[in-house]
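This report refers to the structure that appears directly beneath it.
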Amino acid sequence: MKTKAYIIFFLFWGIIIGTTSGKNYQEKDGGVQVFLPKMTVELRFYTPNILRVTKYPKAVQTSVPAVGFSVIKHPESVAFQLQERDSVVALTTDGLKASVSLKSGKICFENRDGNLLLTETEYGTQFTPISYDKVSTYLVRQAFRLDSCEAIYGLGQHQAGKMNQRNQALLLRQENTEIAIPFFQSTKGYGLFWDNTAYTLFTDNDTETAFESRAGECVDYYFINGGNADNVIRGMRELTGQVQMNALWTYGFWQSRERYQSQEELVNVVKKYRELQVPLDGIIQDWQYWGTDQADWNAIAFNNPKFSNPQKMVDEVHGLNAHIAISIWPSFGTKTNLYKTFQEKGMLLSLKGWPDSALPYDPFHPEARAIYWKAIEENMYSIGIDGWWLDATEPELNVKDYYAMKQNTYAGPYQRVANAFPIASVGGVYDHQRKLSSDKRVFILTRSAFAGQQRYGATSWSGDVKSSWDVLHKQISAGLNFSACGIPYWNTDIGGFASCNFYPEGVNDLSYRELYVRWNQFGAFTPMMRSHGTCSPREIYQFGAKGTWAFDAIKKYIDLRYKMLPYIYSTAWQVSRYGDTFMRALFMDFPQDTIVHDLNNQYLFGRSLLVVPVTRPMYVGKDKTVNLKNIQTTDVYLPSGINWFDFWTGEQLLGGQKIAKETPIDIMPIYVKAGSILPLGSEVQYAEEKSWDSLEIRVYPGADGNFVLYEDEFDNYNYEKGLYSTIAFHWDNTQKTLTIGERKGDFPGMLKKRNFRIVLVDNQHGAGDNLMKKADRSVSYTGKECRIKLLD
């Protein structure tokens, strides 16, 4: 009672201090506190361009809460001006101005040039009392007013096929195929992160744009003024954490299926890829290696007699120069040791999952996370398993169960923290592995995510999506909006997870083969290229022999993926070091071109490559006949303001136009931005088979351009200590000169001498997926700056 009385006295005295001088506000902790009749509004700068807003109803007024699961940044000491005029208090920094109404608490945000970015609606803050299992809380709501013409992106991963996220109502909750992230960014160059982990309704209509969370003590959000999309993402990562470099091998090709039924079957798949000379770096063992009895669900142990010698399995995979990941769930069957341990310690959550009898652990409890990791370490990490497929990190609940459930976690009622389950579980695995060793980079594949999960070595995938052309099309916007939230690593099951409904014959159905070929082309230009699914096997040799159309088209893009590893790995460095994004929605690079604002079938992969996946059938008829000679076309829009090169032909085209690109079965439209510098490596069977001692450097003229080639030891954390090298390339389009800069940095095993084969791209020269037999110039590079004059 003394503590409560002290808080009440302190707050009452603070109000008196503010009002005795005729003011109902005061400066506080690098911001301002505004006292209104029914609530208190607090603004605090984290940087000159990032502002945290919190609002409290009087009944629960205490102090600004500690940050939750996402934000890890501490506020900086930010200089700002404070002015009062016409019942409005304005806070101004070098990058942002926020104005608070002293009557209603309405906040307006402007950039430093005085242009309005976003405004709350008048009296748009609401607190509605609500109770879950005798725990009183609030339904918290905040409404904003957006311009009618601005587009917004983000909100996580959703399957409606929408690019621009305006004009919809969307319940943000973690589900299989749906990822909830209460963040959006605008074409006006700002972002807004609603920091609440309860189920949250996002609505946007002609009247308002609002977040409404089903549990919370206050309105809590961050406003980020970036000026452009990349800076918004950089601001989001500054708040919630940076991105690690994944190991080079993780960018190679991954093969998986639901499931390999024995360790011999798994190893033989890798052997078959090596025999066929199809590149492969990763293979995944899905469920039931623990046994087939549901009571043994997710024992995190090889109890299945068909996996009697897991150490041998891992050693054989490694001996074939490949890596292995394994499926691990957050829920446990009743006979498992982990179930019993968590039950004894009160760390099981009574949540309906799959299977029904298995219950998840409480990932919010630090001891539970330690127990979870200990099982992984002792049974999986110790034998050399290379990565963790953390499946079903939701867990998925229907809305009715969410409201009715009576479940506390270590962090409080489950209703308050439901959407944070994935970041808590994934973060526990990452943190424990990092403490154990820095010799191997953490790699986690997981089905769900929350804001900030990019700091945990995690790649999300789009869940158990169906195998259909419509679903393939919708994966593009799903991945782009997810990436727009600041989490760059994402992929989808190549071929779609479930082929049963539309293609019950699986790979034996020629129509499915065509779908898989096109999905594989798309997968080659996502941060992780991974084949997986149920109802039918997906290994390349299941689609026919060498020389058949499906096999050859699949192999062509796996080979192309490996040739592009120098570009991909260097892009990964830009993502980790400079806040870049792999899958770039076109509004990021062309915000002034309004045609791209709602374009949901194209994107940039890195800064240079415009990718247009083919998402409709063209060559297999309803009668299952194949006609590859009647060449079809795919519509492409080339964004304005720059010229583009057809990757396959070298033809240069003007931006700002729509074209019909011929797309035979082995061609997906790819265009390269003028001014790009694209490094290509040799054909390999796995990522580290050959060093990058002879790279083809393609130069696409028409504009000045830059590229930085990044290298390190490929699979440890020594790069965090500065052990890496960079080589900067600059193309001067006027002088037709390529400058290769002095090498910066050093690391053990670094190439001291190498050959760069320079190709100036034009029509039918330096085009396509095959390396040039003869370069325009060949340069022996030893780390010193050199300049190469290239003639048209």
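Naming works like this for the structure tokens: A, B, ... for the chains as they're shown, residue 1 at the start of each chain, ligands 1 onward in shown order.
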
Quiz prompt | Nearby residues (only C-alpha atoms) at most 6 Å from stretch 515-529 of chain A, same-chain spacing under 2 positions excluded, as number ranges by chain | solution = A: 251, 253, 489, 491, 494-495, 512-513, 554, 561, 613

Quiz prompt | Among listed residues A:Cys786, A:Lys134, A:Ala545, A:Ser694, nearest A:Lys406 (using only C-alpha atoms) | solution = A:Lys134

Exercise. Determine, counting only C-alpha atoms, which protein, DNA and RNA residues have an atom within 12 Å of an atom of A:Pro57; residues of the same chain fewer than 3 positions away are not included. Present the result as a list in words.
Key: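 In the requested format, the answer is Phe35, Leu36, Pro37, Lys38, Met39, Thr40, Val41, Glu42, Thr54, Val60, Gln61, Thr62, Ser63, Gly105, Thr125, Gln126, Phe127, Thr128, Pro129, Thr137, Tyr138, Leu139, Val140, Arg141, Gly216, Glu217, Cys218 and Val219 of chain A.
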
For the residues in that selection, give me C-alpha atoms as a PDB file, in the first residue's frame.
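Output file part_33.pdb follows:
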```pdb
ATOM      1  CA  PHE A  35      -1.367  15.803 -18.487  1.00  0.00           C
ATOM      2  CA  LEU A  36      -4.924  15.600 -19.776  1.00  0.00           C
ATOM      3  CA  PRO A  37      -8.135  15.027 -17.810  1.00  0.00           C
ATOM      4  CA  LYS A  38      -8.397  11.338 -18.766  1.00  0.00           C
ATOM      5  CA  MET A  39      -4.878  10.361 -19.793  1.00  0.00           C
ATOM      6  CA  THR A  40      -1.226  11.286 -19.854  1.00  0.00           C
ATOM      7  CA  VAL A  41       0.763  11.552 -23.070  1.00  0.00           C
ATOM      8  CA  GLU A  42       4.533  11.058 -23.110  1.00  0.00           C
ATOM      9  CA  THR A  54       3.039   6.416 -24.931  1.00  0.00           C
ATOM     10  CA  VAL A  60      -3.229   2.812 -14.573  1.00  0.00           C
ATOM     11  CA  GLN A  61      -0.885   5.757 -14.657  1.00  0.00           C
ATOM     12  CA  THR A  62       2.525   4.681 -13.377  1.00  0.00           C
ATOM     13  CA  SER A  63       5.525   5.342 -15.587  1.00  0.00           C
ATOM     14  CA  GLY A 105      -3.571  14.756 -26.937  1.00  0.00           C
ATOM     15  CA  THR A 125      -7.074   7.363 -28.459  1.00  0.00           C
ATOM     16  CA  GLN A 126      -9.318   4.858 -26.721  1.00  0.00           C
ATOM     17  CA  PHE A 127      -8.966   2.631 -23.653  1.00  0.00           C
ATOM     18  CA  THR A 128     -11.754   0.099 -23.141  1.00  0.00           C
ATOM     19  CA  PRO A 129     -11.619  -1.962 -19.916  1.00  0.00           C
ATOM     20  CA  THR A 137      -6.484  -4.804 -18.787  1.00  0.00           C
ATOM     21  CA  TYR A 138      -7.554  -2.557 -21.653  1.00  0.00           C
ATOM     22  CA  LEU A 139      -8.402  -2.835 -25.283  1.00  0.00           C
ATOM     23  CA  VAL A 140      -6.161  -0.038 -26.540  1.00  0.00           C
ATOM     24  CA  ARG A 141      -6.753   1.810 -29.783  1.00  0.00           C
ATOM     25  CA  GLY A 216      -2.526  -3.589 -23.101  1.00  0.00           C
ATOM     26  CA  GLU A 217      -1.905  -1.031 -20.418  1.00  0.00           C
ATOM     27  CA  CYS A 218      -1.117   1.853 -22.729  1.00  0.00           C
ATOM     28  CA  VAL A 219      -0.796   3.061 -26.279  1.00  0.00           C
TER      29      VAL A 219
END
```

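Look at A:Ile383: the protein and nucleic acid residues within 10 Å of it, using only C-alpha atoms and passing over chain neighbours fewer than 3 places away, are Pro310, Gln311, Lys312, Met313, Val314, Asp315, Glu377, Glu378, Asn379, Met380 and Asp386 of chain A.
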
Quiz prompt | Non-local contacts of A:Thr187 (7 Å; only C-alpha atoms; under 3 positions in same chain excluded) as a PyMOL selection string | solution = chain A and resi 150-152+591

Name all residues at most 9 Å from stretch 735-741 of chain A (count only C-alpha atoms; drop same-chain ones fewer than 6 positions away) and give them as a compact mmCIF listing (two decimals) with all heavy atoms, in the first residue's frame.
```txt
# COMPACT_ATOMS: atom_id res chain seq x y z
N VAL A 699 29.57 -5.38 -66.48
CA VAL A 699 29.29 -3.95 -66.32
C VAL A 699 28.15 -3.59 -67.27
O VAL A 699 28.22 -3.85 -68.48
CB VAL A 699 30.53 -3.10 -66.64
CG1 VAL A 699 30.20 -1.61 -66.52
CG2 VAL A 699 31.69 -3.47 -65.72
N PRO A 701 26.34 -0.57 -68.79
CA PRO A 701 26.51 0.88 -68.95
C PRO A 701 25.18 1.61 -68.98
O PRO A 701 24.11 1.02 -68.86
CB PRO A 701 27.25 0.98 -70.28
CG PRO A 701 26.80 -0.22 -71.05
CD PRO A 701 26.63 -1.30 -70.03
N ILE A 727 36.21 -5.01 -51.67
CA ILE A 727 36.80 -4.42 -52.87
C ILE A 727 35.71 -3.60 -53.55
O ILE A 727 34.66 -4.15 -53.94
CB ILE A 727 37.34 -5.50 -53.83
CG1 ILE A 727 38.40 -6.36 -53.14
CG2 ILE A 727 37.92 -4.85 -55.09
CD1 ILE A 727 38.84 -7.58 -53.96
N ALA A 728 35.93 -2.31 -53.67
CA ALA A 728 34.93 -1.42 -54.25
C ALA A 728 35.16 -1.27 -55.76
O ALA A 728 36.29 -1.03 -56.20
CB ALA A 728 34.99 -0.05 -53.58
N PHE A 729 34.08 -1.42 -56.51
CA PHE A 729 34.09 -1.21 -57.96
C PHE A 729 33.27 0.04 -58.27
O PHE A 729 32.20 0.24 -57.70
CB PHE A 729 33.45 -2.40 -58.68
CG PHE A 729 34.21 -3.68 -58.58
CD1 PHE A 729 34.18 -4.43 -57.41
CD2 PHE A 729 34.96 -4.16 -59.65
CE1 PHE A 729 34.87 -5.62 -57.31
CE2 PHE A 729 35.65 -5.36 -59.56
CZ PHE A 729 35.61 -6.10 -58.38
N TYR A 781 44.59 -8.96 -60.28
CA TYR A 781 44.39 -8.02 -59.18
C TYR A 781 45.09 -8.52 -57.93
O TYR A 781 44.89 -9.66 -57.50
CB TYR A 781 42.89 -7.86 -58.91
CG TYR A 781 42.54 -6.94 -57.78
CD1 TYR A 781 42.57 -5.55 -57.95
CD2 TYR A 781 42.17 -7.45 -56.54
CE1 TYR A 781 42.23 -4.69 -56.91
CE2 TYR A 781 41.82 -6.60 -55.49
CZ TYR A 781 41.86 -5.23 -55.68
OH TYR A 781 41.53 -4.39 -54.65
N GLY A 783 45.23 -6.39 -55.07
CA GLY A 783 44.79 -5.55 -53.96
C GLY A 783 45.04 -4.07 -54.16
O GLY A 783 44.61 -3.25 -53.34
N LYS A 784 45.72 -3.71 -55.24
CA LYS A 784 45.99 -2.31 -55.53
C LYS A 784 44.94 -1.76 -56.49
O LYS A 784 44.40 -2.49 -57.33
CB LYS A 784 47.38 -2.14 -56.15
CG LYS A 784 48.52 -2.65 -55.27
CD LYS A 784 48.63 -1.88 -53.96
CE LYS A 784 49.83 -2.37 -53.14
NZ LYS A 784 49.92 -1.66 -51.84
N GLU A 785 44.66 -0.47 -56.35
CA GLU A 785 43.68 0.15 -57.24
C GLU A 785 44.13 0.07 -58.68
O GLU A 785 45.32 0.24 -59.00
CB GLU A 785 43.47 1.61 -56.85
CG GLU A 785 42.46 2.33 -57.75
CD GLU A 785 42.26 3.79 -57.39
OE1 GLU A 785 41.88 4.07 -56.23
OE2 GLU A 785 42.48 4.65 -58.27
N CYS A 786 43.17 -0.20 -59.57
CA CYS A 786 43.48 -0.19 -61.00
C CYS A 786 42.27 0.35 -61.76
O CYS A 786 41.13 0.24 -61.29
CB CYS A 786 43.87 -1.57 -61.51
SG CYS A 786 42.64 -2.85 -61.21
N ARG A 787 42.52 0.91 -62.92
CA ARG A 787 41.47 1.48 -63.75
C ARG A 787 41.51 0.85 -65.13
O ARG A 787 42.58 0.70 -65.72
CB ARG A 787 41.62 3.00 -63.86
CG ARG A 787 41.51 3.71 -62.52
CD ARG A 787 41.48 5.21 -62.67
NE ARG A 787 41.35 5.87 -61.38
CZ ARG A 787 41.15 7.17 -61.21
NH1 ARG A 787 41.06 7.96 -62.29
NH2 ARG A 787 41.05 7.68 -60.00
N ILE A 788 40.32 0.49 -65.60
CA ILE A 788 40.21 -0.22 -66.87
C ILE A 788 39.31 0.57 -67.79
O ILE A 788 38.15 0.82 -67.48
CB ILE A 788 39.66 -1.64 -66.68
CG1 ILE A 788 40.54 -2.43 -65.72
CG2 ILE A 788 39.55 -2.35 -68.02
CD1 ILE A 788 40.00 -2.46 -64.32
N LYS A 789 39.85 0.99 -68.92
CA LYS A 789 39.08 1.71 -69.93
C LYS A 789 38.39 0.69 -70.81
O LYS A 789 39.01 -0.22 -71.36
CB LYS A 789 39.99 2.60 -70.76
CG LYS A 789 39.28 3.47 -71.79
CD LYS A 789 38.66 4.69 -71.15
CE LYS A 789 38.14 5.66 -72.21
NZ LYS A 789 37.54 6.87 -71.62
N LEU A 790 37.07 0.82 -70.95
CA LEU A 790 36.29 -0.09 -71.78
C LEU A 790 35.64 0.69 -72.90
O LEU A 790 35.08 1.78 -72.67
CB LEU A 790 35.23 -0.81 -70.96
CG LEU A 790 35.75 -1.73 -69.84
CD1 LEU A 790 34.59 -2.24 -68.99
CD2 LEU A 790 36.53 -2.89 -70.42
N LEU A 791 35.68 0.17 -74.10
CA LEU A 791 35.10 0.85 -75.25
C LEU A 791 33.77 0.23 -75.61
O LEU A 791 33.58 -0.98 -75.49
CB LEU A 791 36.06 0.77 -76.45
CG LEU A 791 37.46 1.37 -76.24
CD1 LEU A 791 38.31 1.15 -77.48
CD2 LEU A 791 37.36 2.85 -75.93
N ASP A 792 32.84 1.09 -76.06
CA ASP A 792 31.53 0.59 -76.51
C ASP A 792 31.72 -0.29 -77.75
O ASP A 792 32.58 -0.02 -78.58
CB ASP A 792 30.61 1.76 -76.84
CG ASP A 792 30.19 2.48 -75.56
OD1 ASP A 792 30.12 1.83 -74.51
OD2 ASP A 792 29.93 3.71 -75.64
```

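For the residues A:Val78, A:Ile558, A:Val759, A:Leu771, ranking by smallest atom-to-atom distance to A:Ser531 using only C-alpha atoms places A:Ile558 first.
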
Exercise. Extract, using only C-alpha atoms, all DNA, RNA and protein residues at most 12 Å from A:Gln288, discarding same-chain residues fewer than 5 positions from it, and format them as a PyMOL selection string.
Key: chain A and resi 258-263+293-307+326-329+333
